[in-house]
file start27.cif (mmCIF, C-alpha atoms and all ligand atoms)
data_target
loop_
_atom_site.group_PDB
_atom_site.id
_atom_site.type_symbol
_atom_site.label_atom_id
_atom_site.label_comp_id
_atom_site.auth_asym_id
_atom_site.auth_seq_id
_atom_site.Cartn_x
_atom_site.Cartn_y
_atom_site.Cartn_z
ATOM 1 C CA MET A 34 -7.310 -35.024 26.068
ATOM 2 C CA ASP A 35 -3.838 -35.875 27.252
ATOM 3 C CA GLN A 36 -1.454 -33.326 28.684
ATOM 4 C CA PRO A 37 -3.172 -30.160 27.530
ATOM 5 C CA VAL A 38 -1.290 -26.977 26.841
ATOM 6 C CA THR A 39 -3.236 -23.932 28.056
ATOM 7 C CA ARG A 40 -2.354 -20.272 28.147
ATOM 8 C CA PHE A 41 -3.301 -17.043 29.816
ATOM 9 C CA ALA A 42 -2.884 -14.224 27.309
ATOM 10 C CA PRO A 43 -3.516 -10.807 28.860
ATOM 11 C CA SER A 44 -3.047 -7.473 27.158
ATOM 12 C CA PRO A 45 -0.856 -5.444 29.532
ATOM 13 C CA THR A 46 -3.044 -2.352 29.411
ATOM 14 C CA GLY A 47 -3.789 -2.038 33.115
ATOM 15 C CA LEU A 48 -3.183 -3.607 36.507
ATOM 16 C CA PRO A 49 -4.246 -7.237 36.814
ATOM 17 C CA HIS A 50 -7.490 -7.615 38.736
ATOM 18 C CA LEU A 51 -9.612 -10.438 40.117
ATOM 19 C CA GLY A 52 -11.029 -11.211 36.673
ATOM 20 C CA HIS A 53 -7.525 -11.853 35.378
ATOM 21 C CA ALA A 54 -6.710 -13.949 38.436
ATOM 22 C CA TYR A 55 -9.800 -16.080 37.816
ATOM 23 C CA SER A 56 -8.940 -16.604 34.166
ATOM 24 C CA ALA A 57 -5.290 -17.381 34.859
ATOM 25 C CA LEU A 58 -6.153 -19.835 37.648
ATOM 26 C CA PHE A 59 -8.752 -21.457 35.395
ATOM 27 C CA GLY A 60 -6.146 -22.042 32.686
ATOM 28 C CA TRP A 61 -3.577 -23.179 35.239
ATOM 29 C CA HIS A 62 -5.856 -25.803 36.817
ATOM 30 C CA ALA A 63 -7.106 -27.020 33.435
ATOM 31 C CA ALA A 64 -3.497 -27.752 32.500
ATOM 32 C CA LYS A 65 -2.077 -28.963 35.780
ATOM 33 C CA LYS A 66 -4.913 -31.309 36.752
ATOM 34 C CA ALA A 67 -4.218 -33.221 33.550
ATOM 35 C CA GLY A 68 -0.421 -33.080 33.862
ATOM 36 C CA GLY A 69 -0.184 -30.416 31.157
ATOM 37 C CA THR A 70 1.564 -27.096 30.641
ATOM 38 C CA PHE A 71 0.371 -23.581 31.405
ATOM 39 C CA LEU A 72 1.809 -20.733 29.320
ATOM 40 C CA LEU A 73 1.751 -16.988 29.812
ATOM 41 C CA ARG A 74 1.662 -14.765 26.725
ATOM 42 C CA PHE A 75 1.542 -11.005 26.461
ATOM 43 C CA GLU A 76 -0.789 -9.659 23.783
ATOM 44 C CA ASP A 77 0.948 -6.334 23.446
ATOM 45 C CA ILE A 78 0.351 -5.369 19.829
ATOM 46 C CA ASP A 79 -1.155 -1.996 20.742
ATOM 47 C CA PRO A 80 1.768 0.343 21.470
ATOM 48 C CA ASN A 81 -0.603 3.110 22.592
ATOM 49 C CA ARG A 82 -2.246 1.069 25.326
ATOM 50 C CA CYS A 83 0.310 -1.522 26.444
ATOM 51 C CA ARG A 84 2.926 -0.623 29.058
ATOM 52 C CA PRO A 85 5.980 -2.579 30.274
ATOM 53 C CA ALA A 86 5.002 -1.594 33.826
ATOM 54 C CA PHE A 87 1.694 -3.470 33.469
ATOM 55 C CA GLU A 88 3.489 -6.473 32.051
ATOM 56 C CA LYS A 89 5.733 -6.467 35.132
ATOM 57 C CA ALA A 90 2.643 -6.218 37.319
ATOM 58 C CA PHE A 91 1.166 -9.334 35.666
ATOM 59 C CA THR A 92 4.383 -11.275 36.162
ATOM 60 C CA ARG A 93 4.609 -10.158 39.794
ATOM 61 C CA ASP A 94 0.969 -10.698 40.728
ATOM 62 C CA LEU A 95 0.504 -14.047 38.978
ATOM 63 C CA GLY A 96 3.740 -15.231 40.603
ATOM 64 C CA TRP A 97 2.425 -14.016 43.954
ATOM 65 C CA LEU A 98 -0.718 -16.088 43.410
ATOM 66 C CA GLY A 99 1.500 -19.141 43.022
ATOM 67 C CA LEU A 100 1.453 -19.566 39.233
ATOM 68 C CA SER A 101 4.537 -20.280 37.156
ATOM 69 C CA TRP A 102 5.166 -20.772 33.463
ATOM 70 C CA PRO A 103 8.023 -21.556 31.101
ATOM 71 C CA GLU A 104 10.245 -18.621 30.156
ATOM 72 C CA PRO A 105 10.708 -16.768 27.920
ATOM 73 C CA VAL A 106 7.086 -15.734 27.567
ATOM 74 C CA ARG A 107 5.883 -14.849 24.091
ATOM 75 C CA ARG A 108 5.320 -11.172 23.447
ATOM 76 C CA GLN A 109 3.279 -10.575 20.332
ATOM 77 C CA SER A 110 5.072 -7.329 19.513
ATOM 78 C CA GLU A 111 8.247 -9.385 18.951
ATOM 79 C CA HIS A 112 6.649 -11.664 16.357
ATOM 80 C CA MET A 113 5.239 -9.379 13.707
ATOM 81 C CA ALA A 114 6.938 -11.453 10.981
ATOM 82 C CA ASP A 115 4.728 -14.429 11.898
ATOM 83 C CA TYR A 116 1.590 -12.341 11.434
ATOM 84 C CA ARG A 117 2.935 -10.881 8.189
ATOM 85 C CA ALA A 118 3.465 -14.413 6.857
ATOM 86 C CA ALA A 119 -0.120 -15.363 7.765
ATOM 87 C CA LEU A 120 -1.447 -12.230 6.064
ATOM 88 C CA ASP A 121 0.534 -13.088 2.933
ATOM 89 C CA ARG A 122 -1.030 -16.544 2.867
ATOM 90 C CA LEU A 123 -4.495 -15.085 3.265
ATOM 91 C CA ALA A 124 -3.805 -12.535 0.537
ATOM 92 C CA GLY A 125 -2.795 -15.461 -1.689
ATOM 93 C CA LEU A 126 -6.237 -16.980 -1.069
ATOM 94 C CA ASP A 127 -7.879 -13.728 -2.135
ATOM 95 C CA VAL A 128 -9.830 -13.303 1.082
ATOM 96 C CA LEU A 129 -8.404 -9.931 2.200
ATOM 97 C CA TYR A 130 -9.300 -6.441 1.081
ATOM 98 C CA PRO A 131 -7.949 -3.034 2.028
ATOM 99 C CA CYS A 132 -10.352 -0.898 4.020
ATOM 100 C CA PHE A 133 -9.764 2.854 3.867
ATOM 101 C CA CYS A 134 -12.698 3.749 6.128
ATOM 102 C CA SER A 135 -12.162 5.797 9.261
ATOM 103 C CA ARG A 136 -14.335 5.111 12.288
ATOM 104 C CA LYS A 137 -16.407 8.128 11.299
ATOM 105 C CA ASP A 138 -16.829 6.864 7.716
ATOM 106 C CA ILE A 139 -18.155 3.594 9.094
ATOM 107 C CA GLN A 140 -20.609 5.327 11.449
ATOM 108 C CA ASP A 141 -21.826 7.573 8.653
ATOM 109 C CA GLU A 142 -22.290 4.634 6.309
ATOM 110 C CA ILE A 143 -24.234 2.697 8.944
ATOM 111 C CA ALA A 144 -26.447 5.729 9.594
ATOM 112 C CA ARG A 145 -26.995 6.188 5.860
ATOM 113 C CA ALA A 146 -27.840 2.541 5.240
ATOM 114 C CA GLY A 147 -30.434 2.604 8.026
ATOM 115 C CA ALA A 148 -30.489 -1.160 8.478
ATOM 116 C CA ALA A 149 -26.928 -2.365 8.891
ATOM 117 C CA PRO A 150 -26.395 -5.999 9.864
ATOM 118 C CA HIS A 151 -25.928 -6.330 13.619
ATOM 119 C CA GLY A 152 -23.527 -8.500 15.562
ATOM 120 C CA PRO A 153 -23.338 -9.217 19.282
ATOM 121 C CA GLU A 154 -21.516 -5.933 19.888
ATOM 122 C CA GLY A 155 -23.577 -3.649 17.679
ATOM 123 C CA PRO A 156 -23.622 -2.882 13.980
ATOM 124 C CA LEU A 157 -21.159 -4.794 11.822
ATOM 125 C CA TYR A 158 -18.850 -3.236 9.256
ATOM 126 C CA PRO A 159 -21.172 -2.515 6.336
ATOM 127 C CA GLY A 160 -18.711 -3.748 3.710
ATOM 128 C CA THR A 161 -18.129 -0.366 2.055
ATOM 129 C CA CYS A 162 -14.585 -1.127 0.843
ATOM 130 C CA ARG A 163 -15.384 -4.711 -0.132
ATOM 131 C CA HIS A 164 -17.451 -3.261 -2.963
ATOM 132 C CA MET A 165 -14.943 -0.593 -3.958
ATOM 133 C CA ASP A 166 -14.292 -0.070 -7.627
ATOM 134 C CA PRO A 167 -10.974 -1.870 -8.391
ATOM 135 C CA GLY A 168 -9.566 1.189 -10.203
ATOM 136 C CA ARG A 169 -10.264 3.424 -7.226
ATOM 137 C CA ARG A 170 -8.759 0.837 -4.876
ATOM 138 C CA ALA A 171 -5.561 0.642 -6.950
ATOM 139 C CA GLU A 172 -5.343 4.440 -6.982
ATOM 140 C CA LEU A 173 -5.624 4.699 -3.220
ATOM 141 C CA LEU A 174 -3.083 1.931 -2.680
ATOM 142 C CA ALA A 175 -0.669 3.593 -5.101
ATOM 143 C CA ALA A 176 -1.081 6.831 -3.145
ATOM 144 C CA ASP A 177 -0.242 4.981 0.100
ATOM 145 C CA ALA A 178 -3.585 5.907 1.624
ATOM 146 C CA PRO A 179 -3.784 4.563 5.189
ATOM 147 C CA HIS A 180 -5.810 1.361 5.342
ATOM 148 C CA ALA A 181 -6.619 -1.707 7.370
ATOM 149 C CA LEU A 182 -6.926 -5.204 5.923
ATOM 150 C CA ARG A 183 -10.266 -6.911 6.408
ATOM 151 C CA LEU A 184 -11.245 -10.529 5.959
ATOM 152 C CA ASP A 185 -13.910 -11.093 3.305
ATOM 153 C CA VAL A 186 -15.733 -13.537 5.537
ATOM 154 C CA ALA A 187 -18.255 -14.713 2.944
ATOM 155 C CA ALA A 188 -15.521 -15.467 0.394
ATOM 156 C CA ALA A 189 -13.453 -17.199 3.074
ATOM 157 C CA ALA A 190 -16.356 -19.321 4.305
ATOM 158 C CA ARG A 191 -17.102 -20.389 0.723
ATOM 159 C CA GLN A 192 -13.556 -21.728 0.500
ATOM 160 C CA THR A 193 -13.618 -23.640 3.790
ATOM 161 C CA GLY A 194 -17.191 -24.950 3.725
ATOM 162 C CA PRO A 195 -19.008 -25.563 7.031
ATOM 163 C CA LEU A 196 -16.826 -25.762 10.144
ATOM 164 C CA THR A 197 -17.345 -26.930 13.699
ATOM 165 C CA TRP A 198 -15.544 -26.445 16.984
ATOM 166 C CA THR A 199 -15.934 -27.716 20.514
ATOM 167 C CA ASP A 200 -16.293 -25.954 23.812
ATOM 168 C CA ARG A 201 -15.653 -28.230 26.791
ATOM 169 C CA GLU A 202 -18.667 -26.825 28.601
ATOM 170 C CA ALA A 203 -21.059 -25.722 25.844
ATOM 171 C CA GLY A 204 -20.351 -28.735 23.612
ATOM 172 C CA PRO A 205 -20.048 -28.943 19.807
ATOM 173 C CA GLN A 206 -20.688 -25.707 17.918
ATOM 174 C CA ALA A 207 -21.428 -25.063 14.259
ATOM 175 C CA ALA A 208 -19.114 -22.202 13.314
ATOM 176 C CA GLN A 209 -20.813 -18.935 12.409
ATOM 177 C CA PRO A 210 -17.868 -17.229 10.744
ATOM 178 C CA GLY A 211 -19.890 -14.147 9.830
ATOM 179 C CA ILE A 212 -20.901 -13.390 13.404
ATOM 180 C CA LEU A 213 -18.532 -10.414 13.722
ATOM 181 C CA GLY A 214 -18.659 -9.371 10.074
ATOM 182 C CA ASP A 215 -15.569 -8.658 7.958
ATOM 183 C CA VAL A 216 -13.129 -8.409 10.869
ATOM 184 C CA VAL A 217 -9.912 -6.407 10.684
ATOM 185 C CA LEU A 218 -6.846 -8.642 10.434
ATOM 186 C CA ALA A 219 -4.273 -5.855 10.101
ATOM 187 C CA ARG A 220 -5.003 -2.495 11.619
ATOM 188 C CA ARG A 221 -4.085 0.817 10.050
ATOM 189 C CA ASP A 222 -1.521 1.475 12.757
ATOM 190 C CA VAL A 223 -0.404 -2.074 13.615
ATOM 191 C CA ALA A 224 0.182 -4.752 10.977
ATOM 192 C CA THR A 225 -1.903 -7.377 12.762
ATOM 193 C CA SER A 226 -4.996 -7.589 14.971
ATOM 194 C CA TYR A 227 -6.225 -9.522 17.984
ATOM 195 C CA HIS A 228 -7.978 -12.153 15.848
ATOM 196 C CA LEU A 229 -4.994 -12.896 13.664
ATOM 197 C CA ALA A 230 -2.297 -12.795 16.336
ATOM 198 C CA VAL A 231 -4.184 -14.963 18.823
ATOM 199 C CA THR A 232 -4.926 -17.633 16.224
ATOM 200 C CA VAL A 233 -1.388 -17.768 14.845
ATOM 201 C CA ASP A 234 0.131 -17.810 18.334
ATOM 202 C CA ASP A 235 -2.064 -20.571 19.722
ATOM 203 C CA HIS A 236 -0.954 -22.739 16.824
ATOM 204 C CA LEU A 237 2.746 -21.840 17.039
ATOM 205 C CA GLN A 238 2.788 -22.378 20.789
ATOM 206 C CA GLY A 239 1.048 -25.750 20.559
ATOM 207 C CA VAL A 240 -1.920 -24.639 22.671
ATOM 208 C CA THR A 241 -4.430 -27.501 22.739
ATOM 209 C CA LEU A 242 -7.005 -26.060 25.147
ATOM 210 C CA VAL A 243 -7.885 -22.378 24.858
ATOM 211 C CA THR A 244 -9.359 -21.213 28.165
ATOM 212 C CA ARG A 245 -10.770 -17.693 28.224
ATOM 213 C CA GLY A 246 -13.850 -15.693 29.167
ATOM 214 C CA ARG A 247 -17.259 -16.169 27.594
ATOM 215 C CA ASP A 248 -17.041 -12.665 26.180
ATOM 216 C CA LEU A 249 -14.701 -14.101 23.538
ATOM 217 C CA MET A 250 -17.012 -16.883 22.412
ATOM 218 C CA GLU A 251 -18.082 -14.982 19.277
ATOM 219 C CA ALA A 252 -14.447 -14.390 18.384
ATOM 220 C CA THR A 253 -13.892 -18.152 18.393
ATOM 221 C CA HIS A 254 -16.161 -18.513 15.355
ATOM 222 C CA VAL A 255 -13.792 -16.225 13.453
ATOM 223 C CA HIS A 256 -10.674 -17.921 14.809
ATOM 224 C CA ARG A 257 -11.990 -21.276 13.620
ATOM 225 C CA LEU A 258 -12.358 -19.824 10.122
ATOM 226 C CA LEU A 259 -8.787 -18.488 10.200
ATOM 227 C CA GLN A 260 -7.491 -21.866 11.345
ATOM 228 C CA ALA A 261 -9.174 -23.558 8.404
ATOM 229 C CA LEU A 262 -7.841 -21.005 5.903
ATOM 230 C CA LEU A 263 -4.298 -21.180 7.275
ATOM 231 C CA HIS A 264 -4.308 -24.949 7.954
ATOM 232 C CA LEU A 265 -3.578 -24.442 11.643
ATOM 233 C CA ASP A 266 -4.150 -26.943 14.444
ATOM 234 C CA VAL A 267 -7.596 -26.766 15.993
ATOM 235 C CA PRO A 268 -7.642 -26.696 19.792
ATOM 236 C CA THR A 269 -10.565 -27.338 22.113
ATOM 237 C CA TRP A 270 -11.975 -24.280 23.881
ATOM 238 C CA HIS A 271 -13.318 -23.744 27.353
ATOM 239 C CA HIS A 272 -15.008 -20.370 27.708
ATOM 240 C CA HIS A 273 -15.426 -19.679 31.388
ATOM 241 C CA ARG A 274 -17.813 -17.447 33.318
ATOM 242 C CA LEU A 275 -17.005 -13.779 33.774
ATOM 243 C CA LEU A 276 -16.618 -12.113 37.139
ATOM 244 C CA MET A 277 -19.043 -9.288 37.778
ATOM 245 C CA ASN A 278 -18.780 -6.199 39.976
ATOM 246 C CA GLU A 279 -21.438 -5.137 42.513
ATOM 247 C CA ARG A 280 -23.403 -3.460 39.730
ATOM 248 C CA GLY A 281 -23.637 -6.700 37.803
ATOM 249 C CA GLU A 282 -21.237 -5.492 35.118
ATOM 250 C CA ARG A 283 -18.257 -7.411 33.893
ATOM 251 C CA LEU A 284 -15.301 -6.681 36.186
ATOM 252 C CA ALA A 285 -12.972 -4.268 34.412
ATOM 253 C CA LYS A 286 -9.833 -2.271 34.903
ATOM 254 C CA ARG A 287 -11.827 0.698 36.141
ATOM 255 C CA ASP A 288 -12.832 -1.339 39.226
ATOM 256 C CA GLY A 289 -9.471 -0.341 40.710
ATOM 257 C CA ALA A 290 -10.210 -1.733 44.155
ATOM 258 C CA ALA A 291 -10.267 -5.243 42.745
ATOM 259 C CA SER A 292 -6.676 -5.029 41.474
ATOM 260 C CA LEU A 293 -4.503 -7.786 42.872
ATOM 261 C CA ALA A 294 -1.963 -5.190 44.005
ATOM 262 C CA ALA A 295 -4.629 -3.385 46.043
ATOM 263 C CA LEU A 296 -5.821 -6.633 47.582
ATOM 264 C CA ARG A 297 -2.282 -7.626 48.484
ATOM 265 C CA ASP A 298 -1.585 -4.193 49.945
ATOM 266 C CA SER A 299 -4.662 -4.482 52.093
ATOM 267 C CA GLY A 300 -3.304 -7.724 53.543
ATOM 268 C CA ALA A 301 -5.079 -10.394 51.471
ATOM 269 C CA THR A 302 -3.157 -13.647 51.029
ATOM 270 C CA PRO A 303 -3.055 -15.650 47.779
ATOM 271 C CA ALA A 304 -5.102 -18.375 49.476
ATOM 272 C CA GLU A 305 -7.794 -15.822 50.382
ATOM 273 C CA VAL A 306 -7.908 -14.517 46.817
ATOM 274 C CA CYS A 307 -8.329 -18.067 45.484
ATOM 275 C CA ARG A 308 -11.083 -18.776 47.995
ATOM 276 C CA ARG A 309 -12.894 -15.580 47.057
ATOM 277 C CA LEU A 310 -12.778 -16.750 43.433
ATOM 278 C CA GLY A 311 -13.995 -20.225 44.324
ATOM 279 C CA MET A 312 -10.716 -21.643 43.033
ATOM 280 C CA GLU A 313 -8.270 -24.097 44.547
ATOM 281 C CA THR A 314 -4.843 -22.683 45.333
ATOM 282 C CA PRO A 315 -2.256 -23.526 42.671
HETATM 283 N N1 LIG B 401 -5.652 -10.630 25.111
HETATM 284 C C1 LIG B 401 -7.034 -10.895 25.318
HETATM 285 C C2 LIG B 401 -7.549 -10.079 26.470
HETATM 286 O O1 LIG B 401 -6.767 -9.609 27.278
HETATM 287 C C3 LIG B 401 -7.335 -12.351 25.627
HETATM 288 C C4 LIG B 401 -7.164 -13.174 24.442
HETATM 289 C C5 LIG B 401 -7.553 -14.631 24.525
HETATM 290 O O2 LIG B 401 -7.496 -15.228 25.607
HETATM 291 O O3 LIG B 401 -7.836 -15.166 23.500
HETATM 292 O O4 LIG B 401 -8.744 -9.929 26.580
#

call {"tool": "encode", "arguments": {"input": "start27.cif", "output": "structure tokens", "more": "lines below"}}
Ligand code: GLU
result
Amino acid sequence: MDQPVTRFAPSPTGLPHLGHAYSALFGWHAAKKAGGTFLLRFEDIDPNRCRPAFEKAFTRDLGWLGLSWPEPVRRQSEHMADYRAALDRLAGLDVLYPCFCSRKDIQDEIARAGAAPHGPEGPLYPGTCRHMDPGRRAELLAADAPHALRLDVAAAARQTGPLTWTDREAGPQAAQPGILGDVVLARRDVATSYHLAVTVDDHLQGVTLVTRGRDLMEATHVHRLLQALLHLDVPTWHHHRLLMNERGERLAKRDGAASLAALRDSGATPAEVCRRLGMETP
């Protein structure tokens, strides 16, 4: 692959920690070793969880580590029209349906059904609103009832036929578009979702190598389906290992001591952080 474009795309919902540093350095080296470009993007579609102060912390701490990127960075909250346009195209393909279920409705339905289909993260959406009577659906829409938009994955996969994608480490993959069920593409409160925004952005930004943690490998199956439906460019992926805490759990924001700010305050240098991560300095 010549001159890859990679990106690090954090959600600014907390202070950057060692896991973020690992992922950012991974993307940086993947680009720079091949003479490519490393981008930073803020996935800030959730106004309740994202904070400008955390965004500043990412900019400061990644800069401290020695990373740089072209400005201006893309902030998803500033590009809702792009996601709207993608939703319109998907609606035109007849692969979206409104979902009026609350979280509680979904739990109740799963409990009632007894044997709901399971995905890697637990029970999948049982499809309640996919089967809704069209008259009832029209009534609820006319009454402006709050709803999300879900992807009818089976209908979508019938349109695209079988798909494949490639992970640089794990090799060629047969897409399993149903792995996460009928995912939400526009939330009730925000007119997009992680899956839609990330897929549209990677295309618009010309990302050719998506580097991110293995925890997002299942999501890639869905992103590949969206790319096929929307005729977007298909990158290569490299899902990297996840950093664990002492308890063997994935390093998370609650492991406050591992924040880059705390490490810096305790006297760690960028070179020491890179060494601890088993990474070369940028
Ligand atoms: N915004 C996502 C996160 O912080 C990462 C998305 C991606 O790399 O695809 O987990």

call {"tool": "atom_distance", "arguments": {"input": "start27.cif", "atom1": "CA of Val255 (chain A)", "atom2": "CA of Gly211 (chain A)"}}
result
7.4 Å

call {"tool": "resolve_selection", "arguments": {"input": "start27.cif", "expression": "the PyMOL selection byres (((not hetatm)) within 7 of (chain B and resi 401))", "output": "list in words"}}
result
Phe41, Ala42, Pro43, Ser44, Glu76, Val231, Thr244, Arg245 and Leu249 of chain A

call {"tool": "closest_atom_pairs", "arguments": {"input": "start27.cif", "of": "region 169-214 of chain A", "to": "region 112-127 of chain A", "cutoff": "10 Å", "atoms": "only C-alpha atoms", "output": "Markdown table"}}
result
| residue | atom | partner | partner_atom | distance |
| --- | --- | --- | --- | --- |
| A:Leu182 | CA | A:Leu120 | CA | 8.9 |
| A:Leu184 | CA | A:Leu123 | CA | 8.6 |
| A:Asp185 | CA | A:Asp127 | CA | 8.5 |
| A:Ala188 | CA | A:Asp127 | CA | 8.2 |
| A:Ala189 | CA | A:Leu126 | CA | 8.3 |
| A:Gln192 | CA | A:Leu126 | CA | 8.9 |

call {"tool": "residues_around", "arguments": {"input": "start27.cif", "residues": "Asp215 (chain A)", "least_positions_apart": "5", "cutoff": "12 Å", "atoms": "all atoms listed in the file", "output": "ChimeraX atom specification"}}
result
/A:128-132,150,152,156-163,181-190,210,228,252,255,258

call {"tool": "resolve_selection", "arguments": {"input": "start27.cif", "expression": "the PyMOL selection byres (((chain A and resi 69) around 7) and not hetatm)", "output": "ChimeraX atom specification"}}
result
/A:36-38,64-65,67-68,70-71

call {"tool": "write_last_selection", "arguments": {"input": "start27.cif", "atoms": "C-alpha atoms", "output": "mmCIF file, keeping the file's coordinate frame"}}
result
data_model
loop_
_atom_site.group_PDB
_atom_site.id
_atom_site.type_symbol
_atom_site.label_atom_id
_atom_site.label_comp_id
_atom_site.auth_asym_id
_atom_site.auth_seq_id
_atom_site.Cartn_x
_atom_site.Cartn_y
_atom_site.Cartn_z
ATOM 1 C CA GLN A 36 -1.454 -33.326 28.684
ATOM 2 C CA PRO A 37 -3.172 -30.160 27.530
ATOM 3 C CA VAL A 38 -1.290 -26.977 26.841
ATOM 4 C CA ALA A 64 -3.497 -27.752 32.500
ATOM 5 C CA LYS A 65 -2.077 -28.963 35.780
ATOM 6 C CA ALA A 67 -4.218 -33.221 33.550
ATOM 7 C CA GLY A 68 -0.421 -33.080 33.862
ATOM 8 C CA THR A 70 1.564 -27.096 30.641
ATOM 9 C CA PHE A 71 0.371 -23.581 31.405
#

call {"tool": "residues_around", "arguments": {"input": "start27.cif", "residues": "region 295-303 of chain A", "least_positions_apart": "5", "cutoff": "12 Å", "atoms": "only C-alpha atoms", "output": "ChimeraX atom specification"}}
result
/A:48-51,54,58,90,93-100,288-290,308-310,312-315

call {"tool": "residues_around", "arguments": {"input": "start27.cif", "residues": "Tyr227 (chain A)", "least_positions_apart": "3", "cutoff": "9 Å", "atoms": "only C-alpha atoms", "output": "mmCIF file with C-alpha atoms, keeping the file's coordinate frame"}}
result
data_model
loop_
_atom_site.group_PDB
_atom_site.id
_atom_site.type_symbol
_atom_site.label_atom_id
_atom_site.label_comp_id
_atom_site.auth_asym_id
_atom_site.auth_seq_id
_atom_site.Cartn_x
_atom_site.Cartn_y
_atom_site.Cartn_z
ATOM 1 C CA GLU A 76 -0.789 -9.659 23.783
ATOM 2 C CA ILE A 78 0.351 -5.369 19.829
ATOM 3 C CA VAL A 217 -9.912 -6.407 10.684
ATOM 4 C CA LEU A 218 -6.846 -8.642 10.434
ATOM 5 C CA ALA A 219 -4.273 -5.855 10.101
ATOM 6 C CA ALA A 230 -2.297 -12.795 16.336
ATOM 7 C CA VAL A 231 -4.184 -14.963 18.823
ATOM 8 C CA THR A 232 -4.926 -17.633 16.224
#

call {"tool": "closest_residue", "arguments": {"input": "start27.cif", "among": "A:Gln238, A:Asp138, A:Val306, A:His151", "to": "Val106 (chain A)", "atoms": "all atoms listed in the file"}}
result
A:Gln238

call {"tool": "atom_distance", "arguments": {"input": "start27.cif", "atom1": "CA of Ser135 (chain A)", "atom2": "CA of Thr46 (chain A)"}}
result
23.6 Å

call {"tool": "residues_near_point", "arguments": {"input": "start27.cif", "point": "(-20.6, -25.4, 14.3)", "cutoff": "7 Å", "atoms": "only C-alpha atoms", "output": "ChimeraX atom specification"}}
result
/A:196-198,205-209

call {"tool": "residues_near_point", "arguments": {"input": "start27.cif", "point": "(1.4, -0.7, 23.0)", "cutoff": "12 Å", "atoms": "all atoms listed in the file", "output": "PyMOL selection string"}}
result
chain A and resi 44-47+75-88+108-111+222-223

call {"tool": "closest_residue", "arguments": {"input": "start27.cif", "among": "A:Val216, A:Ala294, A:Met277, A:Leu237", "to": "Arg107 (chain A)", "atoms": "all atoms listed in the file"}}
result
A:Leu237

call {"tool": "atom_distance", "arguments": {"input": "start27.cif", "atom1": "CA of Asp141 (chain A)", "atom2": "CA of Gly155 (chain A)"}}
result
14.5 Å

call {"tool": "closest_residue", "arguments": {"input": "start27.cif", "among": "A:Ala178, A:Val240, A:Ala171, A:Leu263", "to": "Thr39 (chain A)", "atoms": "only C-alpha atoms"}}
result
A:Val240
